[in-house]
Amino acid sequence: MSSKKIYIFVPGYYGTTLVDPKSGREIWGDAREIFLGRKTLAMPIPGMKIKGALDLKPHKLIPDKKILGGLLKEDAYDKTIALLKSTDAEDVIPVAWDWRADPIRGVKLIDEAVKKAKQKYPGHDFVLVSHSFGSLICSYYLRYGVQDYFEAKENWSGLAHFAKVLISAAPFKGSMSLFRNMFHGIKFGFNPNMQTPLAFCTFESSYYLLPPHGEDFVLDEKENKISLNLYDSETWMKNSFGLFHDKLKFSKETFEARKNYISLHLSRGKKFNELVHSEPVELPVDKKKILYLSGFGFKTTNSGVWIKNTKRPNVILYFPKEFKKWKSAVNTDIIYSDGDSTIARHSMKLPQFLKSLNTKNIHENYSHLDILQSSYAQTQIHDFLLH
């Protein structure tokens with residue numbers, strides 16, 4: 001075997017640029033578009049006309065960017081790629097995937113990248129390195145390969161490709177922030193359309209990153225937990241969640257299209273998560289070295305406060321200004337938990353199948369991106385890769 005290694009790197013949510021295949025124009029990843037443009041990242045939905053929605057395609061890894069002449073700096077994965085190249089790498093291959101889409105699409109792109117690289121570099125050891133949502137889909141790939149969720153049988157075909165695996169900051173039990181974003185969206189610069197509530201409602205991945213039943217809770221004004229039962233499409237219709245929100249102002253003619261879209265991805269998302277968390281049937285004979293890095297020590301959104309005494313059925317508070325608007329006496333700190341500022345600590349806990357593989361778990365005071373970028377983390381990664 002060659003002493004040189006091939007690194008397959010799978011970035012997380014936001015980590016891949018998205019381009020319009022017709023014009024070749026970069027929509028996500030272009031600083032001018034993000035901060036000053038008018039394009040949206042909303043995905044097309046069958047049977048509906050979503051204004052501005054484009055069939056965007058993944059293109060390349062998001063680079064670190066200096067914006068407005070260096071006044072603003074957005075860190076991405078440049079340090080991570082540089083670290084991998086500085087070790088014993090023959091090549092570092094980033095996998096561009098659409099983080100808005102059904103995870104199985106990303107899983108298939110990982111498999112394509114691995115098989116193509118194995119043809120190019122026969123006899124080399126392969127190492128998988130991933131971050132955040134990318135680590136979640138990699139976890140599925142290691143155990144089930146490219147099988148669709150409803151036909152998947154444990155076969156460890158993905159794991160068989162690699163000598164070592166490094167995963168980090170994985171949202172194994174989802175993130176309440178995705179559900180929050182369906183109500184509020186996220187503002188990027190002065191672009192009012194980039195990631196609106198509607199955009200998040202159209203993202204297929206939003207329905208795969210919901211917390212599982214029993215952990216998908218909000219609080220009432222007496223601070224009692226209420227399960228949202230988010231994997232039941234009837235809940236969405238009853239409470240005007242997501243695409244059923246009255247503010248989106250869809251016509252009645254689109255009702256079936258909205259219902260079908262939500263039902264499809266909720267059922268697939270539920271199955272995806274069940275497979276990730278199911279007990280292993282039989283462990284692989286060939287043991288591999290696996291390292292998992294996760295962070296803590298940062299305030300992380302983990303819930304919301306549901307105001308039920310209103311004419312609207314879906315008033316859930318997430319931000320201090322909302323608590324003031326609705327005159328809620330609940331302490332706003334109650335909606336947060338410990339985590340890495342993006343993923344709650346409890347969501348990042350290893351599922352049983354990774355524990356069964358004797359995965360080494362390093363849990364440190366890291367924020368979500370620093371888990372791969374900080375100098376101390378990079379020392380730990382470097383030691384794992386070379387020993």
# chains A, B, ... in the order shown; residues from 1 in each chain; ligands from 1
$ select_by_dssp --residues "range 86-184 of chain A" --states "alpha helix (DSSP H)" --output "ChimeraX atom specification"
/A:86,103-120,133-144,176-184
$ residues_around --residues "range 20-31 of chain A" --least-positions-apart "4" --cutoff "12 Å" --atoms "only C-alpha atoms" --output "ChimeraX atom specification"
/A:13-16,35-43,52-69,72-74,76,98-100,188-191,193-195
$ select_by_dssp --residues "range 92-268 of chain A" --states "strand (DSSP E or B)" --output "list of chain:residue names"
A:Val92, A:Ile93, A:Pro94, A:Asp125, A:Phe126, A:Val127, A:Leu128, A:Val129, A:Ser130, A:Lys164, A:Val165, A:Leu166, A:Ile167, A:Ser168, A:Ile186, A:Lys187, A:Phe188, A:Asn191, A:Pro192, A:Asn193, A:Met194, A:Gln195, A:Phe217, A:Val218, A:Leu219, A:Lys225, A:Ile226, A:Ser227
$ write_last_selection --atoms "C-alpha atoms" --output "short mmCIF file (atom, residue, chain, number, x, y, z; two decimals), in the first residue's frame"
data_model
loop_
_atom_site.label_atom_id
_atom_site.label_comp_id
_atom_site.auth_asym_id
_atom_site.auth_seq_id
_atom_site.Cartn_x
_atom_site.Cartn_y
_atom_site.Cartn_z
CA VAL A 92 -7.55 16.08 -0.86
CA ILE A 93 -10.90 15.72 -2.59
CA PRO A 94 -13.77 17.92 -1.35
CA ASP A 125 -5.41 4.37 1.85
CA PHE A 126 -8.53 6.51 1.95
CA VAL A 127 -9.53 8.73 4.88
CA LEU A 128 -12.95 10.33 5.32
CA VAL A 129 -13.11 13.74 7.03
CA SER A 130 -16.40 15.56 7.55
CA LYS A 164 -9.71 6.04 9.00
CA VAL A 165 -12.74 8.24 9.57
CA LEU A 166 -12.93 11.65 11.25
CA ILE A 167 -16.39 13.11 11.89
CA SER A 168 -17.24 16.29 13.77
CA ILE A 186 -32.10 34.24 8.26
CA LYS A 187 -30.97 37.65 7.09
CA PHE A 188 -27.83 37.80 4.97
CA ASN A 191 -30.49 40.49 0.27
CA PRO A 192 -34.12 40.16 1.45
CA ASN A 193 -34.75 36.95 -0.48
CA MET A 194 -31.74 34.70 0.08
CA GLN A 195 -32.98 32.67 3.07
CA PHE A 217 -40.41 20.08 22.25
CA VAL A 218 -41.21 23.69 22.98
CA LEU A 219 -42.33 25.22 26.28
CA LYS A 225 -42.60 20.86 27.81
CA ILE A 226 -44.92 20.33 24.83
CA SER A 227 -44.00 17.82 22.13
#
$ closest_residue --among "A:Phe150, A:Tyr77, A:Tyr366, A:Tyr144" --to "Ser267 in chain A" --atoms "only C-alpha atoms"
A:Phe150
$ atom_distance --atom1 "CA of Asp220 in chain A" --atom2 "CA of Val330 in chain A"
9.0 Å
$ residues_around --residues "range 339-345 of chain A" --least-positions-apart "6" --cutoff "6 Å" --atoms "only C-alpha atoms" --output "JSON, numbers by chain"
{"A": [295, 296, 297, 298, 299, 300, 367, 368]}
$ residues_around --residues "Leu198 in chain A" --least-positions-apart "4" --cutoff "12 Å" --atoms "only C-alpha atoms" --output "PyMOL selection string"
chain A and resi 40-45+50-53+179-186+192-194+202-204+206+241-250+258
$ atom_distance --atom1 "CA of Gln373 in chain A" --atom2 "CA of Leu84 in chain A"
11.6 Å
$ closest_residue --among "A:Leu283, A:Ile371, A:Val315, A:Leu264" --to "Leu354 in chain A" --atoms "only C-alpha atoms"
A:Leu283
$ closest_residue --among "A:Ala160, A:Ala96, A:Leu209, A:Leu385" --to "Leu178 in chain A" --atoms "only C-alpha atoms"
A:Leu209
$ atom_distance --atom1 "CA of Asp91 in chain A" --atom2 "CA of Lys5 in chain A"
7.1 Å
$ residues_around --residues "Leu350 in chain A" --least-positions-apart "4" --cutoff "12 Å" --atoms "only C-alpha atoms" --output "ChimeraX atom specification"
/A:135-136,139,167-173,276-278,290-294,345-346,354-363
$ write_last_selection --atoms "C-alpha atoms" --output "PDB file, in the first residue's frame"
ATOM      1  CA  SER A 135     -20.899  14.152   9.198  1.00  0.00           C
ATOM      2  CA  LEU A 136     -24.526  13.108   9.604  1.00  0.00           C
ATOM      3  CA  SER A 139     -22.583   8.342   9.194  1.00  0.00           C
ATOM      4  CA  ILE A 167     -16.388  13.111  11.885  1.00  0.00           C
ATOM      5  CA  SER A 168     -17.241  16.287  13.772  1.00  0.00           C
ATOM      6  CA  ALA A 169     -20.128  18.327  15.222  1.00  0.00           C
ATOM      7  CA  ALA A 170     -22.833  16.082  13.775  1.00  0.00           C
ATOM      8  CA  PRO A 171     -26.499  16.973  14.445  1.00  0.00           C
ATOM      9  CA  PHE A 172     -27.412  13.337  15.139  1.00  0.00           C
ATOM     10  CA  LYS A 173     -30.662  14.446  16.769  1.00  0.00           C
ATOM     11  CA  VAL A 276     -29.005   6.302  11.977  1.00  0.00           C
ATOM     12  CA  HIS A 277     -30.089   5.546  15.546  1.00  0.00           C
ATOM     13  CA  SER A 278     -31.015   1.872  15.213  1.00  0.00           C
ATOM     14  CA  ILE A 290     -12.739   6.522  13.946  1.00  0.00           C
ATOM     15  CA  LEU A 291     -12.459   9.890  15.707  1.00  0.00           C
ATOM     16  CA  TYR A 292     -15.394  12.105  16.634  1.00  0.00           C
ATOM     17  CA  LEU A 293     -14.932  15.751  17.667  1.00  0.00           C
ATOM     18  CA  SER A 294     -17.709  17.741  19.332  1.00  0.00           C
ATOM     19  CA  ARG A 345     -24.869  19.241  23.153  1.00  0.00           C
ATOM     20  CA  HIS A 346     -27.411  16.416  23.509  1.00  0.00           C
ATOM     21  CA  LEU A 354     -20.666   4.467  16.252  1.00  0.00           C
ATOM     22  CA  LYS A 355     -20.110   3.706  19.927  1.00  0.00           C
ATOM     23  CA  SER A 356     -20.056   0.001  19.015  1.00  0.00           C
ATOM     24  CA  LEU A 357     -17.244   0.704  16.541  1.00  0.00           C
ATOM     25  CA  ASN A 358     -15.097   2.005  19.438  1.00  0.00           C
ATOM     26  CA  THR A 359     -15.181   5.534  18.107  1.00  0.00           C
ATOM     27  CA  LYS A 360     -12.836   7.823  20.021  1.00  0.00           C
ATOM     28  CA  ASN A 361     -14.789  10.838  21.248  1.00  0.00           C
ATOM     29  CA  ILE A 362     -13.028  14.133  21.987  1.00  0.00           C
ATOM     30  CA  HIS A 363     -15.423  16.642  23.563  1.00  0.00           C
TER      31      HIS A 363
END
$ closest_residue --among "A:Asp78, A:Glu151, A:Glu112, A:Asp216" --to "Gly174 in chain A" --atoms "only C-alpha atoms"
A:Asp216
$ residues_around --residues "Ile137 in chain A" --least-positions-apart "3" --cutoff "9 Å" --atoms "only C-alpha atoms" --output "list in words"
Pro103, Ile104, Gly106, Val107, Phe133, Gly134, Tyr140, Tyr141 and Leu142 of chain A
$ write_last_selection --atoms "N, CA and C atoms" --output "JSON list (two decimals), in the first residue's frame"
[["chain", "number", "residue", "atom", "x", "y", "z"],
["A", 103, "PRO", "N", -30.80, 14.17, 2.06],
["A", 103, "PRO", "CA", -29.43, 13.67, 2.31],
["A", 103, "PRO", "C", -28.97, 12.56, 1.38],
["A", 104, "ILE", "N", -29.89, 11.76, 0.84],
["A", 104, "ILE", "CA", -29.47, 10.65, -0.01],
["A", 104, "ILE", "C", -28.75, 11.16, -1.25],
["A", 106, "GLY", "N", -26.64, 13.70, -1.28],
["A", 106, "GLY", "CA", -25.27, 13.90, -0.84],
["A", 106, "GLY", "C", -24.54, 12.59, -0.66],
["A", 107, "VAL", "N", -25.23, 11.59, -0.12],
["A", 107, "VAL", "CA", -24.65, 10.26, 0.08],
["A", 107, "VAL", "C", -24.17, 9.69, -1.26],
["A", 133, "PHE", "N", -23.52, 18.75, 9.26],
["A", 133, "PHE", "CA", -24.50, 17.99, 8.48],
["A", 133, "PHE", "C", -23.79, 16.98, 7.57],
["A", 134, "GLY", "N", -22.60, 17.36, 7.09],
["A", 134, "GLY", "CA", -21.82, 16.43, 6.28],
["A", 134, "GLY", "C", -21.45, 15.18, 7.05],
["A", 140, "TYR", "N", -24.52, 7.88, 7.83],
["A", 140, "TYR", "CA", -25.44, 7.00, 7.12],
["A", 140, "TYR", "C", -24.69, 6.20, 6.05],
["A", 141, "TYR", "N", -23.84, 6.88, 5.30],
["A", 141, "TYR", "CA", -23.10, 6.23, 4.21],
["A", 141, "TYR", "C", -22.20, 5.12, 4.71],
["A", 142, "LEU", "N", -21.53, 5.34, 5.83],
["A", 142, "LEU", "CA", -20.64, 4.31, 6.37],
["A", 142, "LEU", "C", -21.38, 3.00, 6.61]]
$ closest_residue --among "A:Gln378, A:Ser205, A:Ser132, A:Ser3" --to "Ala101 in chain A" --atoms "only C-alpha atoms"
A:Ser205
$ closest_residue --among "A:Asp111, A:Glu215, A:Asp148, A:Asp88" --to "His161 in chain A" --atoms "only C-alpha atoms"
A:Asp111
